[in-house]
Structure formats: structure tokens, C-alpha cells
Amino acid sequence: MPTASGHTEAIRATKVIGTDVYNPGGDKIGKIEDVVLDKTSNNIMFAVVGFGGFLGMNEKYHPLPWSSLDYQKGRDGYVVGYSKDQLKAGPAEGIDELTKNDGEALRDKVYDYYNAPRYWQ
């Protein structure tokens, strides 16, 4: 059954992690570092895209609404409709802060910033 974003193929989270993320122009902007789940609603809160930093130091993790990722087989990666500058200006946290206080405040901030449809309403 298709999801809200049109994805129809099942995939394990371990296969998603490490997948490259591109902007619409085809430039690689990062990779999926993690997937955060909403364990009470059984939905995906967001995908976490990592870029920046040096050798893993000072890297910020940018949560994106799952529905904003479009998997493209030809690229073997996800395409998002945002530039790297838009992502840099968006909400970002350290990896441990992504689930702080159940992640709800960050989730709301992320969905507001990207003007994404809310799965929880």
C-alpha cells in the first residue's frame, strides 16, 4: 500500500541509513544518518541527514519530514526539494538531542520550517 509520500516498496531502516541525499539539481548534500520513529503513533517522525563538521566533530544533524524524501533508483538515493543552504538554515541538533523530551518540540519545529503535512493530526 502506498504511503502518503507515494513510496510503495518496503525497506529496512538499516538499509536507509547511509543512503545519499541529493538536491533537485543532483548535487549530493548529505546522507541519512538515522531514522527517528514515533513509537506511540507508529509513524516516522523524521529522517536525519548529516553534513558538515570534520571527521564527525561538530556535525549537526538535520531532521527532515519523511514525506519530503523521494527515493530515486537512478541515483540510488533520496532527493529532497531543498538546497543545502535551506537545510543549513533549518532546525539542527546534536545526535543525542533529536529525541529529547520525546522529540515533539523538534518535530513541530521541523514540520513548521519545511511546511510539511503533519502525520499526527
# chains A, B, ... in the order shown; residues from 1 in each chain; ligands from 1
$ closest_atom_pairs --of "region 45-102 of chain A" --to "region 15-32 of chain A" --cutoff "6 Å" --atoms "only C-alpha atoms" --output "tab-separated table"
residue	atom	partner	partner_atom	distance
A:Val48	CA	A:Ile32	CA	5.6
A:Val49	CA	A:Ile32	CA	4.6
A:Gly50	CA	A:Gly30	CA	5.7
A:Phe51	CA	A:Gly30	CA	5.1
A:Gly77	CA	A:Asp20	CA	5.0
A:Tyr78	CA	A:Val21	CA	4.8
A:Val79	CA	A:Tyr22	CA	4.7
A:Val80	CA	A:Asn23	CA	5.4
A:Gly81	CA	A:Pro24	CA	5.8
A:Tyr82	CA	A:Asn23	CA	6.0
A:Ser83	CA	A:Asn23	CA	5.8
A:Lys84	CA	A:Ile29	CA	6.0
$ residues_around --residues "Asp112 (chain A)" --least-positions-apart "5" --cutoff "12 Å" --atoms "only C-alpha atoms" --output "PyMOL selection string"
chain A and resi 64-65+90-91+105-107+117-118
$ write_last_selection --atoms "C-alpha atoms" --output "PDB file, in the first residue's frame"
ATOM      1  CA  LEU A  64      13.615  16.186   7.620  1.00  0.00           C
ATOM      2  CA  PRO A  65       9.984  15.114   7.396  1.00  0.00           C
ATOM      3  CA  GLY A  90      16.733  24.645   9.140  1.00  0.00           C
ATOM      4  CA  PRO A  91      16.466  23.017  12.526  1.00  0.00           C
ATOM      5  CA  ALA A 105       9.251  20.150  20.172  1.00  0.00           C
ATOM      6  CA  LEU A 106      11.857  19.434  17.493  1.00  0.00           C
ATOM      7  CA  ARG A 107       9.277  17.590  15.369  1.00  0.00           C
ATOM      8  CA  PRO A 117       1.867  17.959   6.338  1.00  0.00           C
ATOM      9  CA  ARG A 118       1.566  16.720   9.893  1.00  0.00           C
TER      10      ARG A 118
END
$ select_by_dssp --residues "chain A" --states "alpha helix (DSSP H)" --output "list in words"
Ala13, Thr14, Lys15, Val16, Lys84, Asp85, Gln86, Leu87, Lys88, Ala89, Glu104, Ala105, Leu106, Arg107, Asp108, Lys109, Val110, Tyr111, Asp112 and Tyr113 of chain A
$ write_last_selection --atoms "N, CA and C atoms" --output "JSON list (two decimals), in the first residue's frame"
[["chain", "number", "residue", "atom", "x", "y", "z"],
["A", 13, "ALA", "N", 15.15, -0.11, 7.96],
["A", 13, "ALA", "CA", 15.83, 1.12, 8.37],
["A", 13, "ALA", "C", 17.34, 1.00, 8.21],
["A", 14, "THR", "N", 17.88, -0.18, 8.45],
["A", 14, "THR", "CA", 19.33, -0.35, 8.32],
["A", 14, "THR", "C", 19.80, -0.14, 6.88],
["A", 15, "LYS", "N", 18.92, -0.32, 5.92],
["A", 15, "LYS", "CA", 19.26, -0.07, 4.51],
["A", 15, "LYS", "C", 19.15, 1.41, 4.17],
["A", 16, "VAL", "N", 18.27, 2.12, 4.87],
["A", 16, "VAL", "CA", 18.08, 3.55, 4.63],
["A", 16, "VAL", "C", 19.28, 4.33, 5.16],
["A", 84, "LYS", "N", 21.14, 22.95, -0.08],
["A", 84, "LYS", "CA", 21.97, 22.76, 1.11],
["A", 84, "LYS", "C", 21.85, 23.98, 2.03],
["A", 85, "ASP", "N", 21.74, 25.18, 1.44],
["A", 85, "ASP", "CA", 21.59, 26.39, 2.25],
["A", 85, "ASP", "C", 20.29, 26.38, 3.04],
["A", 86, "GLN", "N", 19.20, 25.90, 2.42],
["A", 86, "GLN", "CA", 17.92, 25.80, 3.13],
["A", 86, "GLN", "C", 18.04, 24.80, 4.28],
["A", 87, "LEU", "N", 18.72, 23.69, 4.03],
["A", 87, "LEU", "CA", 18.91, 22.70, 5.09],
["A", 87, "LEU", "C", 19.77, 23.26, 6.21],
["A", 88, "LYS", "N", 20.83, 23.98, 5.84],
["A", 88, "LYS", "CA", 21.71, 24.57, 6.85],
["A", 88, "LYS", "C", 20.95, 25.55, 7.74],
["A", 89, "ALA", "N", 20.00, 26.28, 7.17],
["A", 89, "ALA", "CA", 19.22, 27.26, 7.93],
["A", 89, "ALA", "C", 18.11, 26.60, 8.74],
["A", 104, "GLU", "N", 9.07, 15.85, 20.45],
["A", 104, "GLU", "CA", 7.90, 16.59, 19.94],
["A", 104, "GLU", "C", 8.19, 18.05, 19.61],
["A", 105, "ALA", "N", 8.95, 18.74, 20.44],
["A", 105, "ALA", "CA", 9.25, 20.15, 20.17],
["A", 105, "ALA", "C", 10.06, 20.27, 18.88],
["A", 106, "LEU", "N", 11.05, 19.40, 18.71],
["A", 106, "LEU", "CA", 11.86, 19.43, 17.49],
["A", 106, "LEU", "C", 11.00, 19.04, 16.29],
["A", 107, "ARG", "N", 10.17, 18.02, 16.46],
["A", 107, "ARG", "CA", 9.28, 17.59, 15.37],
["A", 107, "ARG", "C", 8.43, 18.76, 14.89],
["A", 108, "ASP", "N", 7.81, 19.49, 15.84],
["A", 108, "ASP", "CA", 6.95, 20.62, 15.47],
["A", 108, "ASP", "C", 7.75, 21.70, 14.75],
["A", 109, "LYS", "N", 8.94, 21.97, 15.24],
["A", 109, "LYS", "CA", 9.82, 22.98, 14.63],
["A", 109, "LYS", "C", 10.19, 22.57, 13.19],
["A", 110, "VAL", "N", 10.52, 21.30, 13.00],
["A", 110, "VAL", "CA", 10.91, 20.79, 11.68],
["A", 110, "VAL", "C", 9.74, 20.88, 10.70],
["A", 111, "TYR", "N", 8.58, 20.42, 11.10],
["A", 111, "TYR", "CA", 7.43, 20.43, 10.21],
["A", 111, "TYR", "C", 6.97, 21.85, 9.90],
["A", 112, "ASP", "N", 7.13, 22.77, 10.87],
["A", 112, "ASP", "CA", 6.82, 24.18, 10.60],
["A", 112, "ASP", "C", 7.80, 24.75, 9.58],
["A", 113, "TYR", "N", 9.09, 24.53, 9.80],
["A", 113, "TYR", "CA", 10.11, 25.09, 8.92],
["A", 113, "TYR", "C", 9.94, 24.61, 7.48]]
$ atom_distance --atom1 "CA of Tyr114 (chain A)" --atom2 "CA of Glu59 (chain A)"
20.8 Å
